[in-house]
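> Quick one: the structure is below, questions incoming.
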Amino acid sequence: MTWAMVFPGQGSQSIGMLHPYEGLPEVRRAIDTASAVLDQDLWRLVAEGPEESLMATVNTQPVMLAAGVGVYRAWRGQGGAEPNWLAGHSLGEYTALVVAESLSFEEALRLVRFRAEVMQEAVPAGMGAMAALLGLEDGAVLDACQEAAQGEVVEAVNFNSPGQVVIAGHRTAVVRATEAAKARGAKRAVMLSLSVPSHCSLMRPAAERLAHYLERVTLISPRIPVLHNAEVVQATTPMEIRTALTRQLHHPVRWVDTIRAFARNGCKRVAECGPGKVLAPLVRRIDAEMEGIALNSAEALQGALS
């Protein structure tokens with residue numbers, strides 16, 4: 001069966017999120033490697049917190065990268081098949097590139113730590129925000145953002161499933177956009193606990209700095225095809241990958257289009273590899289003929305293998 005594996009990004013982190021993987025040494029080894037590379041006790045951070053430290057972008061990004069890599073290694077170590085396609089939601093795209101052997105794990109850790117730092121520095125703390133809008137068509141979301149901007153930035157940045165779109169930008173504009181969305185019939189508008197307004201045009205300065213850093217990063221052609229967020233195409237050369245990662249930082253995550261591209265390529269199942277259960281439920285909402293499963297515990301991993 002043709003199938004895809006996807007990796008979550010920020011938003012799936014939580015204190016104790018690795019406890020469900022107890023007994024899988026590959027997960028612990030991946031976190032220990034990340035701790036050594038970044039000179040920080042990430043296992044203790046995940047296990048004990050404090051929560052505000054785990055939620056800080058500079059910590060969340062390497063932790064989620066390491067967790068995804070560890071779970072994938074556990075999957076393969078227990079006899080799990082190699083996927084035909086890969087993708088990652090936002091930060092998860094870096095995990096996908098490590099799994100595809102396009103980017104080394106150690107270099108990816110340093111890269112996402114730098115990425116997190118430039119994202120945080122691009123917008124002063126408290127100035128940016130993100131919100132999820134539920135139950136509203138994409139066009140109405142775009143109209144709400146246009147109405148609410150009023151000289152500031154507020155944009156649709158994650159097209160996660162039909163009727164689920166995340167917006168980002170200046171906090172005041174995001175708040176106005178949530179009200180405009182409700183007036184257009186949105187069922188819910190939820191402010192998200194994220195410290196930077198990812199994937200909007202406020203991230204252009206961060207993208208420029210990331211592009212310069214990426215020039216020094218060793219990349220090779222992926223061994224497993226990876227669909228990238230911004231263009232929903234496979235990048236096959238180091239230059240194409242650098243361009244995709246740079247564009248991703250200030251362009252929307254087109255997740256609906258990603259799942260539909262998997263379907264066009266014959267995928268019947270999409271497995272979410274990592275803590276939490278955010279991406280798997282979106283699969284069937286996007287395509288009723290596809291199955292989404294979450295490898296969010298040792299038991300779930302074992303169940304998927306049987």
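Ordering of the structure tokens sets the chain letters (A, B, ...); residue numbers start at 1 within each chain; ligands are numbered from 1 in the order shown.
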Would you mind listing, for every residue of region 59-178 of chain A within 12 Å of region 189-197 of chain A, the two atoms forming the shortest contact and the distance between them in Å to one decimal, using only C-alpha atoms, sorted by chain and ascending residue number, as a Markdown table?

```
| residue | atom | partner | partner_atom | distance |
| --- | --- | --- | --- | --- |
| A:Asn59 | CA | A:Ser195 | CA | 11.3 |
| A:Thr60 | CA | A:Leu194 | CA | 10.1 |
| A:Gln61 | CA | A:Leu194 | CA | 11.7 |
| A:Arg115 | CA | A:Val196 | CA | 11.7 |
| A:Ala116 | CA | A:Val196 | CA | 9.1 |
| A:Glu117 | CA | A:Val196 | CA | 10.3 |
| A:Val118 | CA | A:Val196 | CA | 10.2 |
| A:Met119 | CA | A:Val196 | CA | 6.7 |
| A:Gln120 | CA | A:Val196 | CA | 6.0 |
| A:Glu121 | CA | A:Val196 | CA | 9.0 |
| A:Ala122 | CA | A:Val196 | CA | 8.5 |
| A:Val123 | CA | A:Val196 | CA | 7.0 |
| A:Pro124 | CA | A:Val196 | CA | 8.7 |
| A:Ala125 | CA | A:Ser195 | CA | 7.2 |
| A:Gly126 | CA | A:Ser195 | CA | 7.8 |
| A:Met127 | CA | A:Val196 | CA | 8.6 |
| A:Gly128 | CA | A:Pro197 | CA | 5.3 |
| A:Ala129 | CA | A:Pro197 | CA | 5.2 |
| A:Met130 | CA | A:Leu192 | CA | 5.5 |
| A:Ala131 | CA | A:Met191 | CA | 4.2 |
| A:Ala132 | CA | A:Val190 | CA | 5.1 |
| A:Leu133 | CA | A:Ala189 | CA | 4.6 |
| A:Leu134 | CA | A:Ala189 | CA | 6.3 |
| A:Gly135 | CA | A:Ala189 | CA | 9.2 |
| A:Leu136 | CA | A:Ala189 | CA | 10.0 |
| A:Val141 | CA | A:Ala189 | CA | 11.1 |
| A:Val153 | CA | A:Pro197 | CA | 10.0 |
| A:Val154 | CA | A:Pro197 | CA | 9.3 |
| A:Glu155 | CA | A:Pro197 | CA | 9.8 |
| A:Ala156 | CA | A:Pro197 | CA | 10.8 |
| A:Val157 | CA | A:Pro197 | CA | 9.0 |
| A:Asn158 | CA | A:Pro197 | CA | 11.2 |
| A:Gly163 | CA | A:Ala189 | CA | 11.5 |
| A:Gln164 | CA | A:Ala189 | CA | 9.9 |
| A:Val165 | CA | A:Ala189 | CA | 9.8 |
| A:Val166 | CA | A:Leu192 | CA | 9.1 |
| A:Ile167 | CA | A:Pro197 | CA | 8.4 |
| A:Ala168 | CA | A:Pro197 | CA | 5.1 |
| A:Gly169 | CA | A:Pro197 | CA | 5.5 |
| A:His170 | CA | A:Pro197 | CA | 7.7 |
| A:Arg171 | CA | A:Pro197 | CA | 8.7 |
| A:Thr172 | CA | A:Met191 | CA | 11.8 |
| A:Ala173 | CA | A:Pro197 | CA | 11.7 |
| A:Val174 | CA | A:Met191 | CA | 8.7 |
| A:Val175 | CA | A:Met191 | CA | 8.3 |
| A:Arg176 | CA | A:Ala189 | CA | 11.0 |
| A:Ala177 | CA | A:Ala189 | CA | 9.3 |
| A:Thr178 | CA | A:Ala189 | CA | 5.7 |
```
> With N, CA and C atoms retained, could you export that selection as a compact mmCIF listing (two decimals), in the first residue's frame?

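Just written: part-v4.txt:
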```
# COMPACT_ATOMS: atom_id res chain seq x y z
N ASN A 59 12.91 26.47 22.39
CA ASN A 59 12.96 25.13 22.96
C ASN A 59 12.01 24.17 22.27
N THR A 60 10.82 24.65 21.93
CA THR A 60 9.82 23.79 21.30
C THR A 60 10.34 23.19 20.00
N GLN A 61 11.01 24.00 19.18
CA GLN A 61 11.40 23.53 17.86
C GLN A 61 12.40 22.37 17.92
N ARG A 115 16.63 28.96 13.58
CA ARG A 115 15.34 29.37 13.01
C ARG A 115 14.44 29.95 14.09
N ALA A 116 14.36 29.28 15.22
CA ALA A 116 13.52 29.74 16.31
C ALA A 116 13.99 31.09 16.84
N GLU A 117 15.29 31.25 16.95
CA GLU A 117 15.83 32.51 17.47
C GLU A 117 15.50 33.68 16.56
N VAL A 118 15.67 33.50 15.24
CA VAL A 118 15.40 34.62 14.34
C VAL A 118 13.90 34.90 14.23
N MET A 119 13.09 33.87 14.38
CA MET A 119 11.64 34.09 14.40
C MET A 119 11.25 34.91 15.61
N GLN A 120 11.79 34.55 16.77
CA GLN A 120 11.47 35.26 18.01
C GLN A 120 11.94 36.70 17.94
N GLU A 121 13.11 36.92 17.34
CA GLU A 121 13.67 38.27 17.28
C GLU A 121 12.99 39.14 16.23
N ALA A 122 12.28 38.53 15.28
CA ALA A 122 11.65 39.31 14.20
C ALA A 122 10.48 40.14 14.70
N VAL A 123 9.81 39.66 15.74
CA VAL A 123 8.64 40.35 16.27
C VAL A 123 8.77 40.45 17.79
N PRO A 124 8.78 41.65 18.35
CA PRO A 124 8.92 41.79 19.81
C PRO A 124 7.84 41.00 20.56
N ALA A 125 8.21 40.48 21.71
CA ALA A 125 7.29 39.69 22.52
C ALA A 125 6.01 40.47 22.79
N GLY A 126 4.88 39.81 22.59
CA GLY A 126 3.59 40.42 22.86
C GLY A 126 2.99 41.17 21.69
N MET A 127 3.79 41.43 20.65
CA MET A 127 3.29 42.20 19.51
C MET A 127 2.55 41.31 18.51
N GLY A 128 2.97 40.05 18.38
CA GLY A 128 2.35 39.15 17.42
C GLY A 128 1.39 38.18 18.07
N ALA A 129 0.57 37.52 17.23
CA ALA A 129 -0.39 36.53 17.74
C ALA A 129 -0.85 35.63 16.60
N MET A 130 -1.42 34.49 17.00
CA MET A 130 -2.02 33.57 16.04
C MET A 130 -3.38 33.14 16.60
N ALA A 131 -4.30 32.84 15.71
CA ALA A 131 -5.63 32.39 16.14
C ALA A 131 -6.16 31.38 15.13
N ALA A 132 -6.91 30.41 15.63
CA ALA A 132 -7.55 29.41 14.77
C ALA A 132 -9.00 29.80 14.55
N LEU A 133 -9.42 29.81 13.29
CA LEU A 133 -10.80 30.11 12.93
C LEU A 133 -11.46 28.82 12.46
N LEU A 134 -12.57 28.48 13.06
CA LEU A 134 -13.25 27.21 12.77
C LEU A 134 -14.62 27.46 12.16
N GLY A 135 -14.94 26.67 11.15
CA GLY A 135 -16.27 26.73 10.56
C GLY A 135 -16.50 27.85 9.58
N LEU A 136 -15.44 28.31 8.94
CA LEU A 136 -15.56 29.40 7.98
C LEU A 136 -14.80 29.04 6.71
N VAL A 141 -12.45 33.86 5.36
CA VAL A 141 -11.30 34.13 6.23
C VAL A 141 -10.42 35.22 5.62
N VAL A 153 -0.59 43.91 9.91
CA VAL A 153 -0.52 42.62 9.23
C VAL A 153 -1.42 41.61 9.93
N VAL A 154 -2.31 40.98 9.17
CA VAL A 154 -3.03 39.80 9.62
C VAL A 154 -3.33 38.97 8.38
N GLU A 155 -2.90 37.73 8.37
CA GLU A 155 -2.97 36.90 7.17
C GLU A 155 -3.35 35.47 7.53
N ALA A 156 -3.96 34.78 6.59
CA ALA A 156 -4.21 33.34 6.73
C ALA A 156 -2.89 32.62 6.53
N VAL A 157 -2.51 31.78 7.49
CA VAL A 157 -1.17 31.19 7.43
C VAL A 157 -1.15 29.66 7.47
N ASN A 158 -2.19 29.03 7.96
CA ASN A 158 -2.27 27.57 7.96
C ASN A 158 -3.64 27.16 7.43
N GLY A 163 -12.59 24.45 6.63
CA GLY A 163 -13.22 25.00 7.81
C GLY A 163 -12.30 25.17 9.00
N GLN A 164 -11.00 24.97 8.82
CA GLN A 164 -10.03 25.19 9.90
C GLN A 164 -8.81 25.92 9.34
N VAL A 165 -8.76 27.21 9.60
CA VAL A 165 -7.68 28.06 9.09
C VAL A 165 -7.09 28.84 10.26
N VAL A 166 -5.77 28.93 10.30
CA VAL A 166 -5.08 29.71 11.32
C VAL A 166 -4.63 31.03 10.69
N ILE A 167 -4.79 32.11 11.45
CA ILE A 167 -4.35 33.43 11.01
C ILE A 167 -3.24 33.92 11.92
N ALA A 168 -2.42 34.85 11.43
CA ALA A 168 -1.31 35.36 12.22
C ALA A 168 -1.00 36.79 11.80
N GLY A 169 -0.33 37.51 12.69
CA GLY A 169 0.07 38.88 12.40
C GLY A 169 0.20 39.69 13.66
N HIS A 170 0.01 41.01 13.53
CA HIS A 170 0.01 41.87 14.72
C HIS A 170 -1.15 41.48 15.63
N ARG A 171 -0.90 41.43 16.93
CA ARG A 171 -1.93 40.96 17.86
C ARG A 171 -3.23 41.73 17.74
N THR A 172 -3.16 43.04 17.66
CA THR A 172 -4.37 43.85 17.59
C THR A 172 -5.16 43.54 16.31
N ALA A 173 -4.45 43.31 15.21
CA ALA A 173 -5.12 42.99 13.95
C ALA A 173 -5.72 41.59 14.00
N VAL A 174 -5.02 40.67 14.64
CA VAL A 174 -5.55 39.31 14.77
C VAL A 174 -6.84 39.31 15.58
N VAL A 175 -6.85 40.08 16.66
CA VAL A 175 -8.08 40.17 17.47
C VAL A 175 -9.22 40.75 16.64
N ARG A 176 -8.93 41.80 15.87
CA ARG A 176 -9.98 42.37 15.00
C ARG A 176 -10.47 41.33 13.99
N ALA A 177 -9.54 40.55 13.45
CA ALA A 177 -9.91 39.55 12.45
C ALA A 177 -10.78 38.44 13.05
N THR A 178 -10.54 38.07 14.31
CA THR A 178 -11.40 37.06 14.93
C THR A 178 -12.82 37.57 15.06
```
> I want to know what sits within 12 Å of Ala81 (chain A), based on only C-alpha atoms, with residues of the same chain fewer than 2 positions away left out; could you give that as a list of chain:residue names?
A:Met1, A:Thr2, A:Trp3, A:Ala4, A:Met5, A:Tyr72, A:Arg73, A:Ala74, A:Trp75, A:Arg76, A:Gly77, A:Gln78, A:Gly79, A:Pro83, A:Asn84, A:Trp85, A:Ala271, A:Leu301, A:Ala304, A:Leu305, A:Ser306
> Can I get the selection written as a short mmCIF file (atom, residue, chain, number, x, y, z; two decimals), in the first residue's frame, with C-alpha atoms?

```cif
data_model
loop_
_atom_site.label_atom_id
_atom_site.label_comp_id
_atom_site.auth_asym_id
_atom_site.auth_seq_id
_atom_site.Cartn_x
_atom_site.Cartn_y
_atom_site.Cartn_z
CA MET A 1 0.00 0.00 0.00
CA THR A 2 1.25 3.47 -0.86
CA TRP A 3 1.30 5.66 2.23
CA ALA A 4 2.76 8.84 3.67
CA MET A 5 4.26 9.82 7.00
CA TYR A 72 10.49 7.34 13.43
CA ARG A 73 13.62 5.45 14.46
CA ALA A 74 11.53 3.40 16.88
CA TRP A 75 9.06 2.65 14.08
CA ARG A 76 11.80 1.43 11.80
CA GLY A 77 13.56 -0.41 14.61
CA GLN A 78 10.44 -2.47 15.23
CA GLY A 79 10.11 -3.43 11.59
CA PRO A 83 6.95 5.49 3.82
CA ASN A 84 6.55 6.37 0.16
CA TRP A 85 6.08 10.08 0.85
CA ALA A 271 0.64 8.29 9.66
CA LEU A 301 3.05 2.27 17.16
CA ALA A 304 0.05 0.12 13.47
CA LEU A 305 2.67 -2.57 12.93
CA SER A 306 0.23 -5.44 13.41
#
```
> Please extract the residues of region 12-222 of chain A with a backbone DSSP assignment of strand (DSSP E or B) and present them as a PyMOL selection string.
chain A and resi 85-88+128-134+154-161+164-170+188-191
> CA of Thr57 (chain A) and CA of Ala87 (chain A), how far apart in Å?
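One can read the CA of Ala87 (chain A) to CA of Thr57 (chain A) distance as 20.6 Å.
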> Just how far from CA of Leu42 (chain A) is CA of Gly80 (chain A), in Å to one decimal?
26.6 Å
> Please run DSSP on the backbone and report, as a PyMOL selection string, all residues within region 18-256 of chain A that come out as alpha helix (DSSP H).
chain A and resi 25-38+42-48+51-55+57-77+92-99+105-122+138-149+171-183+204-214+238-249+255-256
> Any idea what the distance is between CA of Ala294 (chain A) and CA of Pro25 (chain A)?
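Going from CA of Ala294 (chain A) over to CA of Pro25 (chain A), I get 19.2 Å.
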> Using only C-alpha atoms, which residues sit within 6 Å of His199 (chain A) once same-chain residues fewer than 2 positions away are excluded, as a list of chain:residue names?
A:Val157, A:Leu249, A:His250, A:His251, A:Pro252
> Compile the contact shell of Ser161 (chain A) as a list in words: residues with an atom at most 12 Å away, counting only C-alpha atoms, same-chain residues fewer than 5 positions apart removed.
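My reading of the contact set: Ala132, Leu133, Leu134, Gly135, Leu136, Glu137, Asp138, Val166, Val253, Arg254, Trp255, Val256, Asp257, Thr258, Ile259, Arg260, Val278, Leu279, Ala280, Pro281, Leu282, Val283, Arg284, Arg285, Ile286, Asp287 and Ala288 of chain A.
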> For Pro8 (chain A), which of A:Arg269, A:Lys182, A:His228, A:Lys277 is the closest residue, counting only C-alpha atoms?
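Going through A:Arg269, A:Lys182, A:His228, A:Lys277 one by one, the smallest distance to Pro8 (chain A) is for A:Lys277.
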